[in-house]
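Here's the structure we're looking at; comments come further down.
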Amino acid sequence: MLPAPAFTQPTHRLRLLLCLLTALLLLPTTALTSENRVSPSSPLGQVVATDKDIKVFKTPYCGCCNDWVTYMEEEGFTVEAVDVSQEQLNVLKVHGGLQPGMGSCHTAFIDGYLIEGHVPASHIRRLLDEQPDVAGLTVPGMPVGSPGMEMGDRFDPFDVITFDRSGQSEVFSSHHQN
């Protein structure tokens with residue numbers, strides 16, 4: 001049997017990802033499909049490209065990130081999950097247009113949009129249906145009761161927020177009860 005090509009071995013794929021993330025640091029955030037969405041031909045677009053519905057970047061030690069990935073799969077999405085360092089994750093957030101104070105524990109990309117944190121699948125579907133000119137959706141922090149953050153009957157109200165690259169944001173949806 002022939003050995004697998006070098007680019008399919010896990011260590012080589014990780015090196016390629018690291019190189020592409022480093023290139024993102026050196027390039028301006030341009031080549032967008034609109035004012036806000038990531039173009040597939042941009043360096044960031046090449047990093048986030050996947051043959052799945054959604055690509056999730058997370059640190060390897062975050063259990064709620066894994067729970068959100070499972071939730072998305074249960075909701076019918078095909079998911080590619082990639083473990084990265086916190087520094088690499090922060091680079092993706094910045095280059096994806098996420099504003100300070102809007103972050104959470106994992107960052108995903110779907111159809112040029114950045115999805116930050118524990119966003120319900122129904123809102124991602126709505127985003128894809130409506131196609132607004134925004135960079136993406138976020139559920140800042142890690143609110144208890146949001147997808148992947150379930151803790152029995154506990155529920156903390158949370159908002160799903162749209163954001164763009166100019167720093168504008170607005171509430172997309174509010175969740176005040178379970």
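Note on naming: chains are A, B, ... as they come in the structure tokens, residues start from 1 per chain, ligands start from 1 in the order shown.
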Tell me, as a PDB file with C-alpha atoms, in the first residue's frame, which residues lie within 12 Å of Met102 (chain A), counting only C-alpha atoms; anything in the same chain fewer than 4 positions away does not count.
```pdb
ATOM      1  CA  ASN A  90      -8.234  35.100  18.599  1.00  0.00           C
ATOM      2  CA  LYS A  93     -12.044  36.258  15.508  1.00  0.00           C
ATOM      3  CA  VAL A  94     -10.301  39.544  14.678  1.00  0.00           C
ATOM      4  CA  GLY A  97     -14.692  41.012  12.032  1.00  0.00           C
ATOM      5  CA  LEU A  98     -15.648  40.218  15.623  1.00  0.00           C
ATOM      6  CA  HIS A 106     -15.502  29.036  19.856  1.00  0.00           C
ATOM      7  CA  THR A 107     -15.705  30.597  16.421  1.00  0.00           C
ATOM      8  CA  LEU A 114     -18.711  34.285  11.409  1.00  0.00           C
ATOM      9  CA  ILE A 115     -20.752  32.546  14.111  1.00  0.00           C
ATOM     10  CA  GLU A 116     -19.404  33.275  17.594  1.00  0.00           C
ATOM     11  CA  GLY A 117     -20.314  31.199  20.612  1.00  0.00           C
ATOM     12  CA  HIS A 118     -23.492  29.378  21.506  1.00  0.00           C
ATOM     13  CA  GLY A 136     -22.026  37.394  11.540  1.00  0.00           C
ATOM     14  CA  LEU A 137     -23.866  36.439  14.700  1.00  0.00           C
ATOM     15  CA  THR A 138     -22.673  36.207  18.275  1.00  0.00           C
ATOM     16  CA  VAL A 139     -23.917  35.160  21.667  1.00  0.00           C
ATOM     17  CA  PRO A 140     -21.310  36.950  23.814  1.00  0.00           C
ATOM     18  CA  GLY A 141     -19.996  35.074  26.820  1.00  0.00           C
ATOM     19  CA  MET A 142     -21.291  31.656  27.717  1.00  0.00           C
ATOM     20  CA  ASP A 159     -29.336  37.918  23.063  1.00  0.00           C
ATOM     21  CA  VAL A 160     -28.194  36.786  19.642  1.00  0.00           C
ATOM     22  CA  ILE A 161     -26.477  39.819  18.119  1.00  0.00           C
ATOM     23  CA  THR A 162     -25.518  40.715  14.556  1.00  0.00           C
ATOM     24  CA  PHE A 163     -22.301  42.654  14.044  1.00  0.00           C
ATOM     25  CA  ASP A 164     -20.476  44.229  11.136  1.00  0.00           C
ATOM     26  CA  GLY A 167     -18.396  48.058  14.873  1.00  0.00           C
ATOM     27  CA  GLN A 168     -22.168  48.304  14.531  1.00  0.00           C
ATOM     28  CA  SER A 169     -24.294  45.666  16.221  1.00  0.00           C
ATOM     29  CA  GLU A 170     -27.945  45.020  16.923  1.00  0.00           C
TER      30      GLU A 170
END
```
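Using only C-alpha atoms for every distance, the candidate list A:Glu75, A:Phe158, A:Phe57, A:His175 yields A:Glu75 as the residue closest to Arg125 (chain A).
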Could you write out, as an MDAnalysis selection string, all the residues of region 101-140 of chain A that DSSP marks as strand (DSSP E or B)? chainID A and resid 107:110 113:117 136:139
Okay, now the selection with all heavy atoms, as a compact mmCIF listing (two decimals), in the first residue's frame?
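Produced file out.txt, reproduced below:
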```txt
# COMPACT_ATOMS: atom_id res chain seq x y z
N THR A 107 -15.40 29.77 17.58
CA THR A 107 -15.71 30.60 16.42
C THR A 107 -15.96 29.68 15.24
O THR A 107 -15.15 28.79 14.97
CB THR A 107 -14.52 31.54 16.12
OG1 THR A 107 -14.27 32.34 17.28
CG2 THR A 107 -14.81 32.44 14.93
N ALA A 108 -17.05 29.90 14.54
CA ALA A 108 -17.40 29.07 13.39
C ALA A 108 -17.61 29.95 12.17
O ALA A 108 -17.85 31.16 12.30
CB ALA A 108 -18.67 28.27 13.69
N PHE A 109 -17.53 29.35 11.01
CA PHE A 109 -17.78 30.06 9.76
C PHE A 109 -18.72 29.23 8.91
O PHE A 109 -18.55 28.02 8.79
CB PHE A 109 -16.46 30.30 9.00
CG PHE A 109 -15.57 31.29 9.68
CD1 PHE A 109 -14.67 30.89 10.66
CD2 PHE A 109 -15.63 32.64 9.36
CE1 PHE A 109 -13.85 31.80 11.30
CE2 PHE A 109 -14.82 33.56 9.99
CZ PHE A 109 -13.92 33.14 10.97
N ILE A 110 -19.70 29.93 8.33
CA ILE A 110 -20.65 29.29 7.43
C ILE A 110 -21.05 30.30 6.36
O ILE A 110 -21.46 31.41 6.66
CB ILE A 110 -21.89 28.75 8.19
CG1 ILE A 110 -22.81 27.96 7.26
CG2 ILE A 110 -22.63 29.84 8.92
CD1 ILE A 110 -23.89 27.14 7.99
N TYR A 113 -20.09 33.91 6.78
CA TYR A 113 -20.46 34.53 8.05
C TYR A 113 -19.67 33.92 9.20
O TYR A 113 -19.46 32.71 9.23
CB TYR A 113 -21.95 34.32 8.34
CG TYR A 113 -22.89 35.09 7.45
CD1 TYR A 113 -23.67 34.42 6.52
CD2 TYR A 113 -23.02 36.47 7.57
CE1 TYR A 113 -24.56 35.11 5.71
CE2 TYR A 113 -23.91 37.17 6.76
CZ TYR A 113 -24.67 36.49 5.84
OH TYR A 113 -25.56 37.17 5.04
N LEU A 114 -19.32 34.75 10.18
CA LEU A 114 -18.71 34.29 11.41
C LEU A 114 -19.83 34.04 12.42
O LEU A 114 -20.70 34.88 12.59
CB LEU A 114 -17.73 35.34 11.95
CG LEU A 114 -16.92 34.96 13.18
CD1 LEU A 114 -15.59 35.70 13.17
CD2 LEU A 114 -17.64 35.26 14.47
N ILE A 115 -19.79 32.90 13.07
CA ILE A 115 -20.75 32.55 14.11
C ILE A 115 -19.95 32.39 15.40
O ILE A 115 -19.11 31.49 15.50
CB ILE A 115 -21.50 31.24 13.79
CG1 ILE A 115 -22.15 31.30 12.40
CG2 ILE A 115 -22.50 30.91 14.88
CD1 ILE A 115 -23.21 32.36 12.23
N GLU A 116 -20.19 33.26 16.36
CA GLU A 116 -19.40 33.27 17.59
C GLU A 116 -20.22 32.75 18.77
O GLU A 116 -21.28 33.28 19.08
CB GLU A 116 -18.93 34.70 17.89
CG GLU A 116 -18.09 34.84 19.13
CD GLU A 116 -16.72 34.17 19.05
OE1 GLU A 116 -16.30 33.77 17.93
OE2 GLU A 116 -16.08 34.05 20.10
N GLY A 117 -19.71 31.69 19.39
CA GLY A 117 -20.31 31.20 20.61
C GLY A 117 -21.54 30.34 20.39
O GLY A 117 -21.73 29.72 19.34
N GLY A 136 -21.59 38.64 10.94
CA GLY A 136 -22.03 37.39 11.54
C GLY A 136 -22.93 37.58 12.73
O GLY A 136 -23.49 38.65 12.96
N LEU A 137 -23.05 36.49 13.49
CA LEU A 137 -23.87 36.44 14.70
C LEU A 137 -22.99 36.07 15.89
O LEU A 137 -22.04 35.31 15.75
CB LEU A 137 -24.95 35.36 14.58
CG LEU A 137 -26.02 35.51 13.52
CD1 LEU A 137 -26.93 34.27 13.53
CD2 LEU A 137 -26.84 36.76 13.75
N THR A 138 -23.36 36.58 17.06
CA THR A 138 -22.67 36.21 18.28
C THR A 138 -23.64 36.10 19.44
O THR A 138 -24.64 36.82 19.48
CB THR A 138 -21.55 37.21 18.63
OG1 THR A 138 -20.87 36.76 19.81
CG2 THR A 138 -22.06 38.61 18.84
N VAL A 139 -23.33 35.20 20.33
CA VAL A 139 -23.92 35.16 21.67
C VAL A 139 -22.72 35.39 22.59
O VAL A 139 -21.95 34.46 22.87
CB VAL A 139 -24.61 33.81 21.97
CG1 VAL A 139 -25.03 33.75 23.44
CG2 VAL A 139 -25.82 33.63 21.08
```
With a distance cut-off of 8 Å and only C-alpha atoms, select the neighbouring residues of Pro40 (chain A), excluding the residue or stretch itself and same-chain residues fewer than 3 positions from it, and output the selection as a list in words.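 Listing them by chain and then by number gives Thr33, Leu44, Gly45, Gln46, Ala49 and Gly112 of chain A.
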Kindly give the distance, in Å, that separates CA of Ala135 (chain A) and CA of Glu73 (chain A), rounded to a single decimal.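 Pair CA of Ala135 (chain A) / CA of Glu73 (chain A) returns 23.0 Å.
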I need the residues of region 37-74 of chain A that end up classed as alpha helix (DSSP H) by DSSP on the backbone, written out as a PyMOL selection string. chain A and resi 43-48+63-74
Expected file: the selected residues, all heavy atoms, as a short mmCIF file (atom, residue, chain, number, x, y, z; two decimals), in the first residue's frame:
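So selection.cif came out as:
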```cif
data_model
loop_
_atom_site.label_atom_id
_atom_site.label_comp_id
_atom_site.auth_asym_id
_atom_site.auth_seq_id
_atom_site.Cartn_x
_atom_site.Cartn_y
_atom_site.Cartn_z
N PRO A 43 -7.40 35.06 1.98
CA PRO A 43 -6.63 34.16 2.84
C PRO A 43 -7.49 33.56 3.97
O PRO A 43 -7.41 32.37 4.23
CB PRO A 43 -5.52 35.05 3.41
CG PRO A 43 -5.33 36.10 2.36
CD PRO A 43 -6.72 36.35 1.82
N LEU A 44 -8.33 34.38 4.60
CA LEU A 44 -9.21 33.86 5.64
C LEU A 44 -10.20 32.87 5.04
O LEU A 44 -10.47 31.82 5.62
CB LEU A 44 -9.95 34.99 6.36
CG LEU A 44 -10.95 34.55 7.44
CD1 LEU A 44 -10.25 33.73 8.52
CD2 LEU A 44 -11.64 35.75 8.04
N GLY A 45 -10.73 33.19 3.87
CA GLY A 45 -11.67 32.29 3.21
C GLY A 45 -11.06 30.92 2.93
O GLY A 45 -11.74 29.90 3.03
N GLN A 46 -9.77 30.90 2.62
CA GLN A 46 -9.10 29.63 2.37
C GLN A 46 -8.91 28.84 3.66
O GLN A 46 -9.00 27.62 3.66
CB GLN A 46 -7.78 29.87 1.65
CG GLN A 46 -8.00 30.42 0.25
CD GLN A 46 -6.73 30.86 -0.43
OE1 GLN A 46 -5.64 30.46 -0.05
NE2 GLN A 46 -6.87 31.70 -1.44
N VAL A 47 -8.67 29.53 4.77
CA VAL A 47 -8.51 28.85 6.06
C VAL A 47 -9.84 28.26 6.52
O VAL A 47 -9.88 27.16 7.04
CB VAL A 47 -7.97 29.83 7.14
CG1 VAL A 47 -8.06 29.23 8.54
CG2 VAL A 47 -6.54 30.23 6.83
N VAL A 48 -10.93 28.98 6.31
CA VAL A 48 -12.23 28.53 6.83
C VAL A 48 -13.00 27.66 5.85
O VAL A 48 -14.09 27.19 6.18
CB VAL A 48 -13.09 29.73 7.31
CG1 VAL A 48 -12.34 30.54 8.34
CG2 VAL A 48 -13.55 30.60 6.15
N GLY A 63 -15.09 21.78 26.82
CA GLY A 63 -16.18 20.82 26.71
C GLY A 63 -17.45 21.39 26.12
O GLY A 63 -18.16 20.72 25.36
N CYS A 64 -17.77 22.66 26.44
CA CYS A 64 -19.01 23.23 25.91
C CYS A 64 -18.91 23.46 24.41
O CYS A 64 -19.93 23.42 23.71
CB CYS A 64 -19.40 24.50 26.66
SG CYS A 64 -18.30 25.89 26.44
N CYS A 65 -17.71 23.66 23.90
CA CYS A 65 -17.54 23.77 22.44
C CYS A 65 -17.90 22.44 21.77
O CYS A 65 -18.59 22.42 20.75
CB CYS A 65 -16.10 24.14 22.08
SG CYS A 65 -15.56 25.76 22.66
N ASN A 66 -17.43 21.35 22.37
CA ASN A 66 -17.77 20.03 21.84
C ASN A 66 -19.27 19.79 21.93
O ASN A 66 -19.86 19.20 21.02
CB ASN A 66 -17.01 18.95 22.60
CG ASN A 66 -15.51 19.03 22.36
OD1 ASN A 66 -15.06 19.40 21.28
ND2 ASN A 66 -14.73 18.68 23.37
N ASP A 67 -19.89 20.26 23.02
CA ASP A 67 -21.34 20.11 23.17
C ASP A 67 -22.08 20.89 22.09
O ASP A 67 -23.09 20.44 21.55
CB ASP A 67 -21.80 20.56 24.56
CG ASP A 67 -21.33 19.63 25.66
OD1 ASP A 67 -20.89 18.50 25.37
OD2 ASP A 67 -21.39 20.05 26.84
N TRP A 68 -21.59 22.10 21.73
CA TRP A 68 -22.23 22.90 20.69
C TRP A 68 -22.08 22.21 19.32
O TRP A 68 -23.02 22.20 18.52
CB TRP A 68 -21.67 24.32 20.66
CG TRP A 68 -22.44 25.23 19.75
CD1 TRP A 68 -23.63 25.83 20.01
CD2 TRP A 68 -22.07 25.65 18.43
NE1 TRP A 68 -24.03 26.61 18.94
CE2 TRP A 68 -23.08 26.51 17.95
CE3 TRP A 68 -20.98 25.39 17.60
CZ2 TRP A 68 -23.04 27.10 16.69
CZ3 TRP A 68 -20.93 25.97 16.35
CH2 TRP A 68 -21.97 26.82 15.91
N VAL A 69 -20.91 21.62 19.07
CA VAL A 69 -20.70 20.89 17.82
C VAL A 69 -21.71 19.74 17.73
O VAL A 69 -22.36 19.55 16.70
CB VAL A 69 -19.25 20.37 17.71
CG1 VAL A 69 -19.11 19.35 16.59
CG2 VAL A 69 -18.28 21.53 17.49
N THR A 70 -21.86 18.98 18.81
CA THR A 70 -22.83 17.88 18.84
C THR A 70 -24.25 18.40 18.61
O THR A 70 -25.02 17.83 17.84
CB THR A 70 -22.74 17.13 20.18
OG1 THR A 70 -21.42 16.60 20.32
CG2 THR A 70 -23.77 16.01 20.26
N TYR A 71 -24.59 19.51 19.27
CA TYR A 71 -25.91 20.13 19.09
C TYR A 71 -26.13 20.49 17.61
O TYR A 71 -27.21 20.20 17.06
CB TYR A 71 -26.00 21.39 19.97
CG TYR A 71 -27.05 22.38 19.54
CD1 TYR A 71 -28.40 22.17 19.84
CD2 TYR A 71 -26.69 23.53 18.83
CE1 TYR A 71 -29.36 23.09 19.44
CE2 TYR A 71 -27.65 24.45 18.44
CZ TYR A 71 -28.98 24.22 18.74
OH TYR A 71 -29.93 25.13 18.33
N MET A 72 -25.14 21.11 16.97
CA MET A 72 -25.30 21.49 15.56
C MET A 72 -25.49 20.26 14.67
O MET A 72 -26.30 20.28 13.75
CB MET A 72 -24.08 22.31 15.10
CG MET A 72 -24.01 23.69 15.74
SD MET A 72 -25.41 24.74 15.31
CE MET A 72 -25.07 25.03 13.56
N GLU A 73 -24.77 19.18 14.96
CA GLU A 73 -24.95 17.94 14.20
C GLU A 73 -26.36 17.39 14.42
O GLU A 73 -27.00 16.94 13.45
CB GLU A 73 -23.89 16.92 14.60
CG GLU A 73 -22.50 17.32 14.13
CD GLU A 73 -21.38 16.47 14.69
OE1 GLU A 73 -21.56 15.86 15.77
OE2 GLU A 73 -20.32 16.43 14.05
N GLU A 74 -26.84 17.44 15.65
CA GLU A 74 -28.19 16.97 15.94
C GLU A 74 -29.24 17.83 15.23
O GLU A 74 -30.33 17.36 14.92
CB GLU A 74 -28.44 16.97 17.45
CG GLU A 74 -27.67 15.89 18.17
CD GLU A 74 -27.71 16.01 19.69
OE1 GLU A 74 -28.23 17.03 20.20
OE2 GLU A 74 -27.21 15.09 20.36
#
```
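Closest approach to Ser166 (chain A) among A:Val79, A:Val134, A:Ile124, A:Val144: A:Val134, based on only C-alpha atoms.
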Atomic separation - CA of Ser85 (chain A) relative to CA of Lys58 (chain A), Å: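 Separation between CA of Lys58 (chain A) and CA of Ser85 (chain A): 7.8 Å.
Nearest residue to Val56 (chain A) among A:Leu92, A:Ser42, A:Glu87, A:Pro157 is A:Leu92, counting only C-alpha atoms.
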